[in-house]
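Input: a single structure, listed below in structure tokens.
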Amino acid sequence: MKLVLIEDEPLVAQRLERFCREVLGAGLERLHRASSFDEAAAWLAENTVDVVLLDLNLEGQDGMELLKRSVASSFHTVIVSANTDRALEAFQYGVLDFVPKPFTRERLAQALSRVRGPVTRAGQAARNLAVKKAGRIELVPVDDVLYVQGAGNYSELVLADGRRELHDKTLERLEALLPEDFERTHKSYLVRLSAIKALHASEGSHYELELKNGTCLPVGRTRYKELRERLL
Amino acid sequence: MSRAIALWIILIQACVWVPAGRAQSPDRDIRLKHGDDPRWAAPDWDDSDWTPIKYTEYPARAGIYWVRIRLVRPDHSTAPEWVDRYEYLWPSGTKQAPIDGLFFSTVYSFELFLDGQRIATDGVVGHDRASEVPGKLDHLVRLPEGAARRPVHVLALRMSTYHYNFPATQMSIGFQPVNFAQRLREEALQPVFPLIGAVGSLLMTATSLVLFWFIERRRALWLVSVVSLVLAVFYGLIAVRWVLPYTYDWHYPRLLAITWVLTCASVLLIWLLLEQFAVPRKLLWLALSAPLLVLAWQASPIYELKVLWICRAMLVVLLAVTGWACWQHRPGAWLALAGVAVGLLVVQTDRRVFLDPTFFLMIEGIVLLVFAALGAQVQAERTRAREAQLTTARLETELLKKNLQPHFLLNTLTAVAEVIEQDPQGAVGFIEDLGAEFRLLAQMSGERLVPLERELELCRLHLKVIGRRTGREIGLVTEDVNGSLPVPPALFLTLIENGLVHQRWAAGSAFRLRSRPEEKGVSHVFFSPGTARDENTRRGGGTGLRYVKARLEESFPGRWTFTHGAVAGGWETIISWQTDPVSGGVP
């Protein structure tokens, strides 16, 4: 796992690093420490990571802006902060976990397990997804999303009004953040169940789902049965 | 307030018309002769060799002499009798009544003959000061029946003036042919305004003293009570002429006292407005007013006119003071300026003898306006103080929250947890520093003001904790500070926190506090090292600055200033406050 710590307090950063090394052991491929988001961003521009551990109260920086910038990126964001009153808000924007300070090794291990294990939903589902647009971050309400289509290292959010927005996260990482209403129907699709009108099976084990707006999307052979049970 | 000034203007305007002067005085032929002969009272006595004089040229302190005055009815060919024309209370028209009396204001002892008949005497006419007995000042004499119908009269006065105490060697005779009943009514009304003024001023003295003693110890309030007391004396001296009629030898001392008392009242009134509008360099203002008042004393030998000139000089200075106050946007200054301007206008336009209702209302109006403005100011300040008191509890909580806030406390605890595991000995020191800071903070949280040295101790403990937490040392350097000076708790601690959060500071740098005494107060210059991350955010300051300003308002209501901005190498905050004007120290 490749990991970045963004924490301006040296002792806290030292503790986070020590716990990460102890929890991840050999699974930790790389760990980088930064004391500001800008410093981390410069490093992230040239390196890929799986997760960023972010303090919301970095010296004089707007915690909300940091949060939006972080969740709009390809990596998962785990907040490590003393401001527990902002946890709900953080989850709404799509963080994987919120670790309150002071933290234990066990609590940090739990957060890291969500990153490295099979897809598990975040503590609370995101209500917005942050997307980067022309140098700024825009929030897309999850309620507007009909389905998500994977596109390699990116994903495309298809909205109810037909617009499409590109998101830096992979389909797997978005799946961990979106509510239970979203189902992985295909290796390249994540679809809102309430938007599905019908399931169609055709010759040659080809399966399709039809959305209420008339759009048809393929359904993975291995996922068809589970999907049908959930729809019934 | 605006209603009060409007009412006052209307009253003054009304008084410009209240008992106005009489119409035409009779033609007078006045002649004087030194000596004493009872035959000189006869109406047909040949006085052609007597010295013709004007009514202002009577010799003072010059033995017994006689004066003969020939009165000729101006319209005797057409009018059937002498008529007294007068205006009564309102200019709705001139009324008239037969003349059947004479009114004298005398500064001499006399025997009065009308057409050879002795009709009045007052005091005892004497050859020297010892033998003369002074008579009363004012006289209303009823004329014999039928006198009003005769077209020509001869008045003869046998008189001596040894108790004329004025410095001048000449004096004047004031007399008016009047309607006896009408003049009696007017004389009865004369003391009403001065008495109202005296009683009102005494009430205002008592009221402002009570307010000063029990409610608000401010110098302006104390001055209102002193000014009112002096005005009460002034009105009393005016009223005494009618309330306690005195002999003519007391007239000069009384006028002298009136002039001096008005001079004192003028100085006090100027001082009052200087205090009320917090005008700097008050002594200089008063010193500049002095030549004007001296000039006013020299402006006329007649004391009624001296008083008028003193009043003009006072109003000119008050106009300058209130004009300055308006320019400086002092609360209530426009009302006071309007009041003074109206007063000056009235003094300049009213042509009647002074010391009348116009004057009383003008002076009382100005004092009342100042009193009302003062009351409004006190009320506004008390409201602010009440609001500040209401926020005191919140501020105490805020103060505790400052160091118990999740960000500070939980980050510190996380850092402590790490130190405990890695360096148990260091952790003990860390916890001790933290404990000391919290202990001091808890002691200070319930106080409105703490000595500066305790505040600085708190700041240094906080910086020590920050140093342990961040691994970066940052200091606090003080210069010319007075450790015993009372300051609101966590005032500078908050500035330090803002500096730490909003500025990029380097290890080894230092905050700096420099104090400088100022006139009636103190000024603190606080420097935070490092460049601001965002100047607008830094200027806004957030809850920290709101806390600082609320604390300043609570402790020094309306008497503090706060400015801050970027300077070379950091951020400078200047906080000044004035000590309480009465207590001179702790508010």
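Following the order of the structure tokens, first chain is A, next is B, and so on, with residues numbered from 1 inside each chain and ligands from 1 in the order they appear.
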
### Task
Restrict the distance test to only C-alpha atoms, flag each residue of chain A within 7 Å of chain B, and return the flagged residues as number ranges by chain.
A: 9-12, 15, 59-60, 82-83, 101-102

Could you save the residues just selected, with N, CA and C atoms, as a PDB file, in the first residue's frame?
```
ATOM      1  N   GLU A   9       1.580  18.493  12.836  1.00  0.00           N
ATOM      2  CA  GLU A   9       2.159  18.358  14.175  1.00  0.00           C
ATOM      3  C   GLU A   9       3.135  17.193  14.170  1.00  0.00           C
ATOM      4  N   PRO A  10       4.409  17.451  14.405  1.00  0.00           N
ATOM      5  CA  PRO A  10       5.430  16.408  14.249  1.00  0.00           C
ATOM      6  C   PRO A  10       5.175  15.163  15.111  1.00  0.00           C
ATOM      7  N   LEU A  11       4.751  15.388  16.357  1.00  0.00           N
ATOM      8  CA  LEU A  11       4.560  14.226  17.237  1.00  0.00           C
ATOM      9  C   LEU A  11       3.392  13.359  16.778  1.00  0.00           C
ATOM     10  N   VAL A  12       2.345  14.007  16.307  1.00  0.00           N
ATOM     11  CA  VAL A  12       1.180  13.246  15.821  1.00  0.00           C
ATOM     12  C   VAL A  12       1.550  12.513  14.535  1.00  0.00           C
ATOM     13  N   ARG A  15       3.546   9.549  15.335  1.00  0.00           N
ATOM     14  CA  ARG A  15       2.714   8.459  15.876  1.00  0.00           C
ATOM     15  C   ARG A  15       1.963   7.751  14.746  1.00  0.00           C
ATOM     16  N   GLU A  59      -2.303  24.000   9.736  1.00  0.00           N
ATOM     17  CA  GLU A  59      -2.053  25.403  10.103  1.00  0.00           C
ATOM     18  C   GLU A  59      -2.688  26.397   9.131  1.00  0.00           C
ATOM     19  N   GLY A  60      -3.727  27.021   9.572  1.00  0.00           N
ATOM     20  CA  GLY A  60      -4.301  28.129   8.809  1.00  0.00           C
ATOM     21  C   GLY A  60      -4.963  27.745   7.501  1.00  0.00           C
ATOM     22  N   ALA A  82      -9.075  15.985  15.147  1.00  0.00           N
ATOM     23  CA  ALA A  82      -9.680  16.200  16.466  1.00  0.00           C
ATOM     24  C   ALA A  82     -11.100  16.742  16.324  1.00  0.00           C
ATOM     25  N   ASN A  83     -11.411  17.246  15.147  1.00  0.00           N
ATOM     26  CA  ASN A  83     -12.725  17.874  14.963  1.00  0.00           C
ATOM     27  C   ASN A  83     -13.783  16.827  14.598  1.00  0.00           C
ATOM     28  N   LYS A 101      -9.018  11.905  16.879  1.00  0.00           N
ATOM     29  CA  LYS A 101      -7.835  12.009  17.747  1.00  0.00           C
ATOM     30  C   LYS A 101      -8.303  12.099  19.187  1.00  0.00           C
ATOM     31  N   PRO A 102      -7.583  11.621  20.165  1.00  0.00           N
ATOM     32  CA  PRO A 102      -6.383  10.803  19.999  1.00  0.00           C
ATOM     33  C   PRO A 102      -6.772   9.389  19.571  1.00  0.00           C
TER      34      PRO A 102
END
```

### Task
From the DSSP assignment of the backbone, select every residue of range 7-184 of chain A that is alpha helix (DSSP H), and format the answer as number ranges by chain.
A: 10-24, 37-44, 63-71, 87-93, 105-116, 171-177

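One finds CA of Gln14 in chain A at 27.6 Å from CA of Phe511 in chain B.
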
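If you measure from each of B:Trp324, B:Phe526, B:Phe113, B:Phe166 to Ile575 in chain B using only C-alpha atoms, the closest one turns out to be B:Phe526.
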
### Task
Point out the residue among A:Glu22, A:Asp144, A:Asp8, A:Glu226 with the least atom-to-atom distance to Glu165 in chain A, counting only C-alpha atoms.
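Checking each of A:Glu22, A:Asp144, A:Asp8, A:Glu226 against Glu165 in chain A, counting only C-alpha atoms, the winner is A:Asp144.
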
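Residues with any atom within 8 Å of Ala265 in chain B, counting only C-alpha atoms and excluding same-chain neighbours fewer than 6 positions away, are Val227, Val230 and Leu231 of chain B.
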
What does the file look like for those residues with N, CA and C atoms, as an mmCIF file, in the first residue's frame?
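Output file out-v1.cif follows:
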```
data_model
loop_
_atom_site.group_PDB
_atom_site.id
_atom_site.type_symbol
_atom_site.label_atom_id
_atom_site.label_comp_id
_atom_site.auth_asym_id
_atom_site.auth_seq_id
_atom_site.Cartn_x
_atom_site.Cartn_y
_atom_site.Cartn_z
ATOM 1 N N VAL B 227 -22.358 73.646 37.476
ATOM 2 C CA VAL B 227 -22.889 74.719 36.620
ATOM 3 C C VAL B 227 -24.296 75.090 37.078
ATOM 4 N N VAL B 230 -24.203 77.116 40.242
ATOM 5 C CA VAL B 230 -23.779 78.496 39.984
ATOM 6 C C VAL B 230 -24.918 79.278 39.324
ATOM 7 N N LEU B 231 -25.635 78.608 38.410
ATOM 8 C CA LEU B 231 -26.765 79.281 37.756
ATOM 9 C C LEU B 231 -27.882 79.567 38.753
#
```
